[in-house]
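Asker: Quick one, my_file_14.txt (compact mmCIF, C-alpha atoms):
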```txt
# COMPACT_ATOMS: atom_id res chain seq x y z
CA MET H 49 -43.57 -11.19 20.47
CA SER H 50 -42.92 -9.25 23.62
CA LYS H 51 -40.93 -12.15 25.20
CA SER H 52 -38.61 -12.55 22.17
CA LYS H 53 -37.82 -8.84 22.12
CA ILE H 54 -36.84 -8.90 25.81
CA VAL H 55 -34.43 -11.87 25.29
CA LYS H 56 -32.68 -10.15 22.33
CA ASN H 57 -32.19 -7.03 24.39
CA LYS H 58 -30.66 -9.07 27.22
CA ILE H 59 -28.19 -10.74 24.87
CA LYS H 60 -27.23 -7.51 23.21
CA ASN H 61 -26.67 -5.80 26.56
CA PRO H 62 -22.92 -4.92 26.66
CA LYS H 63 -22.69 -4.89 30.45
CA LYS H 64 -23.03 -8.67 30.72
CA ILE H 65 -20.29 -9.22 28.16
CA VAL H 66 -17.92 -7.08 30.18
CA LYS H 67 -18.71 -9.07 33.32
CA ILE H 68 -17.72 -12.32 31.60
CA LYS H 69 -14.45 -10.93 30.24
CA GLN H 70 -13.19 -9.41 33.54
CA PRO H 71 -12.38 -12.64 35.49
CA ILE H 72 -10.41 -14.06 32.56
CA LYS H 73 -8.08 -11.05 32.63
CA LYS H 74 -7.62 -11.37 36.41
CA ALA H 75 -6.66 -15.03 36.10
CA LYS H 76 -3.96 -14.23 33.55
CA VAL H 77 -2.45 -11.60 35.84
CA ILE H 78 -2.35 -14.01 38.80
CA ASN H 79 -0.52 -16.66 36.77
CA LYS H 80 2.08 -14.08 35.75
CA GLN H 81 2.66 -13.09 39.37
CA LYS H 82 3.12 -16.74 40.39
CA ASN H 83 5.72 -17.30 37.68
CA THR H 84 7.68 -14.22 38.74
CA SER H 85 7.68 -15.29 42.42
CA LYS H 86 9.00 -18.74 41.45
CA ASN H 87 11.83 -17.18 39.49
CA LEU H 88 12.74 -14.92 42.41
CA THR H 89 12.93 -17.83 44.87
CA ILE H 90 15.16 -19.86 42.54
CA LYS H 91 17.51 -16.90 42.14
CA ASN H 92 17.71 -16.39 45.93
CA ILE H 93 18.53 -20.07 46.51
CA ASN H 94 21.28 -19.96 43.93
CA LYS H 95 22.80 -16.86 45.54
CA ALA H 96 22.70 -18.47 48.99
CA ASN H 97 24.43 -21.61 47.69
CA LYS H 98 27.19 -19.53 46.12
CA ILE H 99 27.76 -17.61 49.35
CA ASN H 100 27.96 -20.85 51.40
CA LYS H 101 30.49 -22.32 48.95
CA GLU H 102 32.65 -19.24 49.21
CA LYS H 103 32.61 -19.38 53.02
CA GLU H 104 33.58 -23.07 53.01
CA GLN H 105 36.48 -22.35 50.65
CA GLN H 106 37.74 -19.58 52.95
CA LYS H 107 37.58 -21.91 55.93
CA ASN H 108 39.48 -24.65 54.10
CA ASN H 109 42.14 -22.15 53.08
CA ASN H 110 42.58 -21.04 56.72
CA LYS H 111 42.82 -24.63 58.02
CA GLN H 112 46.24 -26.05 58.89
CA ILE H 113 47.17 -29.47 57.49
CA VAL H 114 48.82 -31.93 59.94
CA ILE H 115 49.99 -35.48 59.12
CA ASP H 116 49.65 -37.82 62.12
CA GLN H 117 50.21 -41.60 61.73
CA ASN H 118 49.77 -41.50 57.96
CA LYS H 119 46.52 -39.57 58.36
CA ILE H 120 45.77 -36.09 57.20
CA LYS H 121 44.02 -33.84 59.71
CA TYR H 122 42.66 -30.34 59.27
CA ILE H 123 42.97 -28.02 62.30
CA GLU H 124 40.84 -24.90 62.38
CA PRO H 125 42.52 -21.69 63.56
CA GLN H 126 41.64 -20.54 67.11
CA GLN H 127 39.44 -17.50 67.33
CA ASN H 128 40.32 -14.77 69.79
CA ASN H 129 37.73 -14.44 72.55
CA VAL H 130 37.10 -10.76 72.15
CA GLN H 131 34.31 -9.38 74.31
CA LYS H 132 31.97 -7.03 72.56
CA ARG H 133 31.53 -3.61 74.05
CA LYS H 134 28.12 -3.07 75.58
CA ARG H 135 25.89 -0.37 74.26
CA GLY H 136 25.18 2.77 76.21
CA ARG H 137 27.19 5.09 78.36
CA PRO H 138 30.05 3.39 80.29
CA ARG H 139 29.74 3.43 84.09
CA SER H 140 32.47 3.22 86.67
CA ALA H 141 32.64 -0.15 88.46
CA PHE H 142 33.77 1.50 91.69
CA SER H 143 30.56 3.47 92.17
CA GLU H 144 28.36 0.43 91.46
CA ALA H 145 30.28 -1.69 93.97
CA ASN H 146 29.91 1.00 96.62
CA LYS H 147 26.17 1.20 96.00
CA ILE H 148 25.78 -2.57 96.30
CA GLU H 149 27.75 -2.62 99.58
CA LEU H 150 25.64 0.20 101.00
CA GLU H 151 22.38 -1.51 100.05
CA GLN H 152 23.51 -4.81 101.57
CA SER H 153 24.62 -3.15 104.80
CA LEU H 154 21.32 -1.27 105.10
CA LYS H 155 19.31 -4.41 104.49
CA ALA H 156 21.35 -6.32 107.07
CA THR H 157 20.97 -3.72 109.77
CA ASN H 158 17.36 -2.60 108.98
CA ILE H 159 18.11 0.83 110.49
CA LYS H 160 16.04 3.78 109.40
CA ARG H 161 18.26 6.56 108.00
CA CYS H 162 17.77 10.17 107.02
CA PRO H 163 17.50 10.62 103.22
CA SER H 164 19.46 13.93 103.23
CA CYS H 165 22.41 13.19 105.52
CA SER H 166 22.11 9.36 105.82
CA SER H 167 22.25 9.60 109.61
CA ALA H 168 20.71 6.91 111.84
CA ASN H 169 20.17 9.30 114.77
CA ILE H 170 16.37 9.67 114.47
CA ILE H 171 14.15 10.87 117.33
CA PHE H 172 10.41 10.32 117.80
CA ASP H 173 8.53 13.29 119.27
CA SER H 174 5.51 11.77 121.03
CA GLU H 175 3.81 15.13 121.68
CA LYS H 176 3.78 16.27 118.04
CA GLY H 177 3.77 12.79 116.49
CA GLU H 178 6.85 13.42 114.32
CA GLU H 179 10.03 11.56 113.44
CA VAL H 180 12.93 14.04 113.27
CA CYS H 181 16.57 13.61 112.24
CA ASN H 182 18.73 14.74 115.18
CA ASN H 183 21.66 15.54 112.87
CA CYS H 184 20.14 17.87 110.23
CA GLY H 185 16.65 18.51 111.68
CA LEU H 186 14.69 17.04 108.75
CA ILE H 187 11.16 15.86 109.60
CA LEU H 188 10.86 12.37 108.15
CA GLU H 189 7.23 11.64 109.12
CA GLU H 190 4.47 13.61 110.77
CA ASN H 191 1.12 12.72 112.34
CA VAL H 192 2.46 9.30 113.29
CA ILE H 193 -0.03 7.10 115.18
CA ASP H 194 1.27 5.85 118.52
CA PRO H 195 0.06 2.23 119.01
CA ARG H 196 0.95 2.17 122.69
CA GLN H 197 -1.56 2.55 125.53
CA GLU H 198 -2.20 6.04 126.86
CA TRP H 199 -2.56 4.92 130.49
CA ARG H 200 -0.22 3.37 133.05
CA ALA H 201 -0.84 0.52 135.50
CA PHE H 202 1.26 -0.39 138.54
CA ASP H 203 -0.43 -3.68 139.49
CA SER H 204 -2.74 -6.35 138.04
CA ASP H 205 -5.92 -4.77 139.49
CA GLN H 206 -5.25 -1.47 137.75
CA MET H 207 -4.42 -3.34 134.53
CA ASN H 208 -7.73 -5.22 134.62
CA SER H 209 -9.77 -2.14 135.50
CA ARG H 210 -8.24 0.14 132.84
CA ALA H 211 -8.03 -2.36 129.98
CA ARG H 212 -10.75 -1.91 127.35
CA THR H 213 -10.27 -5.15 125.42
CA GLY H 214 -11.66 -8.59 126.17
CA GLY H 215 -10.10 -12.01 126.20
CA PRO H 216 -9.53 -14.23 123.14
CA ILE H 217 -12.16 -16.51 121.64
CA LYS H 218 -12.20 -19.91 123.36
CA PHE H 219 -13.89 -22.99 121.92
CA ALA H 220 -13.96 -24.64 125.34
CA LYS H 221 -16.70 -22.21 126.47
CA PRO H 222 -20.32 -22.57 125.26
CA ASN H 223 -20.51 -19.06 123.74
CA ARG H 224 -16.80 -19.00 122.77
CA GLY H 225 -16.14 -16.53 125.59
CA LEU H 226 -18.29 -13.77 124.06
CA VAL H 227 -20.96 -13.50 126.76
CA THR H 228 -22.87 -10.62 128.32
CA GLU H 229 -23.82 -11.32 131.93
CA ILE H 230 -25.97 -9.51 134.52
CA ASP H 231 -24.27 -9.97 137.88
CA LEU H 232 -25.95 -11.03 141.13
CA TYR H 233 -24.62 -8.26 143.39
CA ASN H 234 -27.62 -5.89 142.91
CA LYS H 235 -25.41 -2.80 143.09
CA ASP H 236 -24.90 0.06 140.67
CA ILE H 237 -21.59 1.39 139.32
CA ARG H 238 -21.00 3.50 142.43
CA GLY H 239 -21.54 0.58 144.81
CA VAL H 240 -24.92 1.81 146.05
CA ARG H 241 -27.53 -0.90 146.65
CA ILE H 242 -30.37 -1.02 144.12
CA PRO H 243 -33.94 -0.62 145.54
CA SER H 244 -36.21 -3.67 145.86
CA LYS H 245 -38.50 -2.74 142.96
CA ARG H 246 -35.50 -2.46 140.65
CA GLN H 247 -34.10 -5.76 141.96
CA ALA H 248 -37.25 -7.63 140.88
CA GLN H 249 -36.90 -6.14 137.41
CA LEU H 250 -33.23 -7.21 137.22
CA TYR H 251 -34.17 -10.72 138.34
CA ARG H 252 -36.64 -11.02 135.44
CA MET H 253 -34.05 -9.60 133.03
CA ARG H 254 -31.47 -12.10 134.24
CA LYS H 255 -33.89 -15.03 133.80
CA TRP H 256 -34.94 -14.09 130.27
CA HIS H 257 -31.37 -13.30 129.30
CA LYS H 258 -30.34 -16.88 130.13
CA ARG H 259 -33.32 -18.28 128.21
CA ALA H 260 -32.72 -16.11 125.15
CA SER H 261 -28.98 -16.95 124.98
CA ILE H 262 -29.84 -20.59 124.11
CA THR H 263 -31.45 -20.43 120.68
CA ASN H 264 -31.04 -23.96 119.27
CA SER H 265 -30.33 -27.56 120.32
CA SER H 266 -26.59 -27.42 119.52
CA GLU H 267 -26.02 -24.59 122.04
CA ARG H 268 -27.96 -26.59 124.62
CA ASN H 269 -25.67 -29.53 123.86
CA TYR H 270 -22.56 -27.38 124.38
CA LEU H 271 -23.83 -26.31 127.81
CA ILE H 272 -23.78 -29.97 128.90
CA ALA H 273 -20.73 -31.26 127.00
CA LEU H 274 -18.11 -28.53 127.45
CA PRO H 275 -18.21 -28.47 131.30
CA GLU H 276 -17.80 -32.27 131.23
CA LEU H 277 -14.85 -31.86 128.86
CA ASN H 278 -13.17 -29.35 131.19
CA ARG H 279 -13.76 -31.61 134.21
CA VAL H 280 -12.19 -34.73 132.66
CA SER H 281 -9.28 -32.80 131.14
CA SER H 282 -8.48 -31.18 134.51
CA TYR H 283 -8.39 -34.64 136.14
CA LEU H 284 -6.05 -35.88 133.39
CA GLY H 285 -3.82 -32.79 133.71
CA LEU H 286 -4.16 -31.68 130.09
CA PRO H 287 -2.94 -28.20 129.04
CA ASP H 288 -5.14 -25.48 127.54
CA ASN H 289 -4.12 -26.08 123.93
CA ILE H 290 -5.34 -29.70 124.06
CA ARG H 291 -8.59 -28.56 125.68
CA GLU H 292 -9.16 -26.10 122.85
CA SER H 293 -8.42 -28.76 120.20
CA THR H 294 -10.82 -31.23 121.88
CA ALA H 295 -13.57 -28.59 122.05
CA LEU H 296 -13.10 -27.77 118.37
CA LEU H 297 -13.21 -31.46 117.46
CA TYR H 298 -16.42 -31.89 119.49
CA ARG H 299 -18.01 -28.96 117.66
CA LYS H 300 -17.17 -30.68 114.37
CA CYS H 301 -18.89 -33.84 115.65
CA VAL H 302 -22.01 -31.81 116.50
CA GLN H 303 -22.03 -30.20 113.05
CA GLY H 304 -21.68 -33.64 111.42
CA ASN H 305 -24.66 -35.06 113.40
CA LEU H 306 -22.48 -37.70 115.10
CA ILE H 307 -24.05 -37.05 118.54
CA ARG H 308 -27.54 -38.17 117.57
CA GLY H 309 -28.53 -41.42 119.29
CA ARG H 310 -25.42 -41.51 121.53
CA PRO H 311 -24.77 -40.26 125.05
CA ILE H 312 -22.93 -36.94 125.23
CA GLU H 313 -20.43 -38.23 127.80
CA THR H 314 -19.20 -41.12 125.61
CA VAL H 315 -18.55 -38.79 122.66
CA VAL H 316 -16.72 -36.33 124.92
CA GLU H 317 -14.41 -39.05 126.28
CA ALA H 318 -13.73 -40.38 122.77
CA VAL H 319 -12.84 -36.88 121.55
CA ILE H 320 -10.45 -36.40 124.49
CA TYR H 321 -8.75 -39.73 123.73
CA ALA H 322 -8.34 -38.81 120.03
CA SER H 323 -6.99 -35.30 120.68
CA CYS H 324 -4.47 -36.64 123.24
CA ARG H 325 -3.12 -39.11 120.69
CA ILE H 326 -2.92 -36.44 117.98
CA ALA H 327 -1.02 -34.05 120.32
CA GLY H 328 1.50 -36.74 121.32
CA MET H 329 0.32 -36.90 124.96
CA PRO H 330 -1.53 -40.23 124.97
CA ARG H 331 -3.84 -41.32 127.76
CA THR H 332 -5.12 -44.87 128.06
CA LEU H 333 -8.76 -45.82 127.77
CA ASN H 334 -8.64 -47.26 131.29
CA GLU H 335 -7.63 -43.87 132.74
CA ILE H 336 -10.41 -42.01 130.91
CA ALA H 337 -12.99 -44.68 131.77
CA SER H 338 -12.11 -44.60 135.48
CA ILE H 339 -12.44 -40.79 135.65
CA SER H 340 -15.61 -40.44 133.55
CA GLY H 341 -17.50 -43.55 134.69
CA VAL H 342 -18.18 -44.61 131.07
CA SER H 343 -17.24 -48.13 130.02
CA LYS H 344 -14.10 -48.69 127.96
CA LYS H 345 -16.05 -50.51 125.23
CA GLU H 346 -18.41 -47.60 124.59
CA ILE H 347 -15.54 -45.08 124.42
CA GLY H 348 -13.68 -47.25 121.91
CA ARG H 349 -16.79 -47.62 119.75
CA ALA H 350 -17.40 -43.86 119.69
CA TYR H 351 -13.70 -43.24 118.97
CA ARG H 352 -13.77 -45.51 115.90
CA LEU H 353 -16.94 -43.81 114.65
CA ILE H 354 -15.40 -40.32 114.96
CA THR H 355 -12.14 -41.26 113.24
CA ASN H 356 -13.91 -42.96 110.33
CA SER H 357 -16.55 -40.28 109.75
CA LEU H 358 -14.27 -37.24 110.11
CA GLY H 359 -11.30 -38.89 108.35
CA LEU H 360 -8.81 -38.27 111.16
CA ARG H 361 -5.26 -39.51 110.67
CA ILE H 362 -4.23 -40.47 114.19
CA PRO H 363 -0.62 -41.68 114.60
CA LEU H 364 0.35 -44.78 116.49
CA THR H 365 1.08 -44.28 120.18
CA ASP H 366 4.78 -43.90 120.92
CA PRO H 367 5.85 -45.87 124.03
CA ILE H 368 8.48 -43.19 124.78
CA ALA H 369 5.66 -40.74 125.60
CA TYR H 370 4.70 -42.82 128.67
CA VAL H 371 8.21 -42.89 130.16
CA PRO H 372 8.25 -39.42 131.85
CA ARG H 373 4.91 -40.12 133.56
CA TYR H 374 6.01 -43.51 134.87
CA ALA H 375 9.39 -42.19 135.98
CA ALA H 376 7.82 -39.26 137.84
CA ALA H 377 5.27 -41.53 139.55
CA LEU H 378 7.98 -44.01 140.61
CA LYS H 379 10.36 -41.15 141.65
CA LEU H 380 13.20 -42.26 139.39
CA SER H 381 16.20 -40.12 138.44
CA GLY H 382 16.94 -38.59 135.04
CA GLU H 383 19.63 -41.20 134.30
CA SER H 384 17.18 -44.09 134.59
CA GLN H 385 14.68 -42.18 132.45
CA GLU H 386 17.29 -41.67 129.70
CA ARG H 387 18.32 -45.33 129.94
CA SER H 388 14.71 -46.47 129.49
CA ILE H 389 14.32 -44.22 126.41
CA ASP H 390 17.50 -45.73 124.90
CA LEU H 391 16.17 -49.25 125.50
CA LEU H 392 12.88 -48.39 123.79
CA LYS H 393 14.70 -46.91 120.76
CA GLN H 394 16.73 -50.11 120.38
CA ALA H 395 13.56 -52.18 120.68
CA MET H 396 11.82 -50.06 118.01
CA LYS H 397 14.72 -50.57 115.60
CA LYS H 398 14.47 -54.35 116.00
CA GLY H 399 10.65 -54.35 115.70
CA LEU H 400 9.90 -55.65 119.19
CA ILE H 401 7.01 -53.21 119.75
CA SER H 402 4.80 -54.20 116.82
CA GLY H 403 1.76 -56.17 117.95
CA ARG H 404 2.30 -55.35 121.63
CA SER H 405 0.77 -52.81 123.99
CA PRO H 406 2.95 -49.65 124.20
CA THR H 407 2.14 -49.25 127.90
CA GLY H 408 3.46 -52.73 128.71
CA VAL H 409 6.68 -52.25 126.72
CA SER H 410 7.39 -48.83 128.24
CA ALA H 411 6.67 -50.15 131.76
CA ALA H 412 9.12 -53.05 131.23
CA ALA H 413 11.78 -50.61 129.93
CA VAL H 414 11.35 -48.39 133.01
CA TYR H 415 11.55 -51.49 135.24
CA ILE H 416 14.83 -52.63 133.60
CA ALA H 417 16.38 -49.13 133.54
CA GLY H 418 15.66 -48.57 137.24
CA ALA H 419 17.39 -51.84 138.12
CA MET H 420 20.42 -51.00 135.93
CA GLU H 421 20.83 -47.57 137.56
CA GLY H 422 20.50 -48.91 141.12
CA GLU H 423 16.91 -47.68 141.62
CA ARG H 424 15.07 -50.97 141.60
CA ARG H 425 11.28 -50.96 141.86
CA THR H 426 9.05 -54.02 142.27
CA GLN H 427 6.91 -55.36 139.46
CA LYS H 428 3.77 -54.58 141.44
CA GLU H 429 4.69 -50.91 141.85
CA VAL H 430 5.40 -50.52 138.12
CA ALA H 431 2.23 -52.42 137.19
CA ASP H 432 0.05 -50.19 139.40
CA VAL H 433 1.53 -47.02 137.87
CA ALA H 434 1.27 -48.25 134.25
CA GLY H 435 -2.17 -49.84 134.64
CA VAL H 436 -1.06 -53.30 133.42
CA THR H 437 -0.61 -56.68 135.09
CA GLU H 438 2.61 -58.08 136.50
CA VAL H 439 2.50 -60.91 133.91
CA THR H 440 2.77 -58.50 130.97
CA ILE H 441 5.76 -56.74 132.57
CA ARG H 442 7.43 -60.12 133.15
CA ASN H 443 6.87 -61.22 129.53
CA ARG H 444 8.11 -57.91 128.05
CA TYR H 445 11.12 -58.00 130.37
CA ARG H 446 12.15 -61.44 129.06
CA GLU H 447 11.74 -60.38 125.43
CA LEU H 448 13.84 -57.23 125.86
CA LYS H 449 16.53 -59.11 127.77
CA GLU H 450 16.87 -61.82 125.11
CA GLN H 451 16.69 -59.59 122.01
CA LEU H 452 18.84 -56.70 123.31
CA HIS H 453 21.35 -58.99 125.13
CA LEU H 454 21.07 -57.25 128.49
CA ASP H 455 23.06 -58.37 131.54
CA VAL H 456 20.26 -57.96 134.06
CA ASN H 457 19.06 -60.55 136.56
CA LEU H 458 15.79 -59.65 138.28
```
What would the structure in this file look like if it were written as structure tokens?

Answerer:
Amino acid sequence: MSKSKIVKNKIKNPKKIVKIKQPIKKAKVINKQKNTSKNLTIKNINKANKINKEKEQQKNNNKQIVIDQNKIKYIEPQQNNVQKRKRGRPRSAFSEANKIELEQSLKATNIKRCPSCSSANIIFDSEKGEEVCNNCGLILEENVIDPRQEWRAFDSDQMNSRARTGGPIKFAKPNRGLVTEIDLYNKDIRGVRIPSKRQAQLYRMRKWHKRASITNSSERNYLIALPELNRVSSYLGLPDNIRESTALLYRKCVQGNLIRGRPIETVVEAVIYASCRIAGMPRTLNEIASISGVSKKEIGRAYRLITNSLGLRIPLTDPIAYVPRYAAALKLSGESQERSIDLLKQAMKKGLISGRSPTGVSAAAVYIAGAMEGERRTQKEVADVAGVTEVTIRNRYRELKEQLHLDVNL
């Protein structure tokens, strides 16, 4: 009986009836709103169509009718190009033009001017550290830092003694030029000789300083390789920038573990050969091998390994780069040097250099140019300077004579 009474009470509860009726009312209201929105859109479309029709009728009324070859044409009337007035306060064009001219002139000259009187007569007072206008006396800047040196030097010795900065970093030195050294003079700052007990202490300090400066195997490698690099490059007559580039390339080889299992000298010669070709000052393998004492085959093998592992893009050797060296060694004039360069350019256009040694082609061009300018040299002299045989010069001479149509009989 208790269960039946609870069910009757639930059915008779008015709150549940209200909950069922409420969504039905909401649905009716939504449908009404949809119908009204549809009616509004239809009315707007009709109004827009009427307005468009009226505009088209006005246009047709304004059109002129012209009959041309039994055809009727409608010409629309031309509209006047009237510029609309810009908003805002009108400004005078004269003042704007003057401002633009002034700004351009100031930018072109880059002269500092006074903001009050626009004068360029500005003085720097080094004692007070102020920039003052000489015309009106306005102080433009104060407490200005003077970047110049506070001392004077009248010769190179005074310059070296008074300078407080060191040299630049150099990769061609083992410690990149940043080294602290204990000298061997055994004298103090005043020039007085140090006593014997103190000298023994300095000797021990010097010894342990050298030992402590070498911390790992790579620094030990640099101590052997970089002096060899400087020796060979001085024999070849290479400038400082190529020496620095070769030292940097050698350091990259050490970091990439390309030295392991190979002699240091062969890697140094290969790096020099690669850096010379990159810089456009090529040296032959025979020259480097004769100076260093390493065989040409080993240098070429190390060179191929470095280029492949480091991904170097080395350009082909230009035969024109050898001409100034050969001309200077043979004591030829500038006219013969220019003539040999012209011959090589003509040969490069016709493709006579591909597949041939650039040293042989350039030597043959120098040989022909010297004969054409009245400064004839023998084939043996040219061959000794270029490092090639007389047969190669003879063969290249015949090819250039036939292909370039030269009137030379040697």

Asker: Could you check which of H:Asn100, H:Ser384, H:Ser282, H:Asn305 is closest to H:Ile320, using all atoms listed in the file?

Answerer: H:Ser282

Asker: Interatomic distance between atom CA of H:Arg387 and atom CA of H:Arg442?

Answerer: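 Separating atom CA of H:Arg387 from atom CA of H:Arg442 is a distance of 18.6 Å.
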
Asker: Between H:Cys181, H:Ala201, H:Ala273, H:Ile171, single out the one closest to H:Ala220, counting only C-alpha atoms.

Answerer: H:Ala273

Asker: Could you work out how far atom CA of H:Ser357 lies from atom CA of H:Gly304, giving the answer in Å with one decimal?

Answerer: 8.6 Å

Asker: With all atoms listed in the file as the basis for distance, which of H:Gly239, H:Trp256, H:Ala369, H:Ser340 is at the shortest distance from H:Tyr283?

Answerer: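 Nearest candidate to H:Tyr283 out of H:Gly239, H:Trp256, H:Ala369, H:Ser340: H:Ser340.
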
Asker: Of the candidates H:Ala419, H:Ile170, H:Thr294, H:Val439, which shows the shortest atom-to-atom distance to H:Asp455, using all atoms listed in the file?

Answerer: H:Ala419

Asker: Stretch 137-253 of chain H near stretch 257-266 of chain H within 10 Å: what's each residue's closest atom pair and its distance in Å to one decimal, counting only C-alpha atoms, ordered by chain then ascending residue number, as a Markdown table?

Answerer:
```
| residue | atom | partner | partner_atom | distance |
| --- | --- | --- | --- | --- |
| H:Pro222 | CA | H:Ser266 | CA | 9.8 |
| H:Asn223 | CA | H:Ser261 | CA | 8.8 |
| H:Val227 | CA | H:Ser261 | CA | 8.9 |
| H:Thr228 | CA | H:His257 | CA | 9.0 |
| H:Glu229 | CA | H:His257 | CA | 8.2 |
| H:Ile230 | CA | H:His257 | CA | 8.4 |
| H:Tyr251 | CA | H:His257 | CA | 9.8 |
| H:Arg252 | CA | H:His257 | CA | 8.4 |
| H:Met253 | CA | H:His257 | CA | 5.9 |
```

Asker: Go ahead and write the selection's residues with C-alpha atoms as a PDB file, in the frame of the given file.

Answerer:
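Listing of selection_33.pdb after writing:
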```
ATOM      1  CA  PRO H 222     -20.320 -22.570 125.260  1.00  0.00           C
ATOM      2  CA  ASN H 223     -20.510 -19.060 123.740  1.00  0.00           C
ATOM      3  CA  VAL H 227     -20.960 -13.500 126.760  1.00  0.00           C
ATOM      4  CA  THR H 228     -22.870 -10.620 128.320  1.00  0.00           C
ATOM      5  CA  GLU H 229     -23.820 -11.320 131.930  1.00  0.00           C
ATOM      6  CA  ILE H 230     -25.970  -9.510 134.520  1.00  0.00           C
ATOM      7  CA  TYR H 251     -34.170 -10.720 138.340  1.00  0.00           C
ATOM      8  CA  ARG H 252     -36.640 -11.020 135.440  1.00  0.00           C
ATOM      9  CA  MET H 253     -34.050  -9.600 133.030  1.00  0.00           C
TER      10      MET H 253
END
```

Asker: What is the distance, in Å and to one decimal place, between atom CA of H:Val436 and atom CA of H:Ala350?

Answerer: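 So the two atoms, atom CA of H:Val436 and atom CA of H:Ala350, lie 23.3 Å apart.
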
Asker: Using all atoms listed in the file, which residue out of H:Phe219, H:Tyr233, H:Tyr445, H:Tyr374 lies closest to H:Leu296?

Answerer: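 Closest to H:Leu296 of all the choices is H:Phe219.
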
Asker: Taking all atoms listed in the file into account, name the residue in H:Arg352, H:Lys218, H:Lys176, H:Arg210 that is nearest to H:Tyr321.

Answerer: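 Selected residue with least distance to H:Tyr321: H:Arg352.
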
Asker: Name all residues at most 6 Å from stretch 342-349 of chain H (count all atoms listed in the file; drop same-chain ones fewer than 5 positions away) and give them as a ChimeraX atom specification.

Answerer: /H:314,318,337
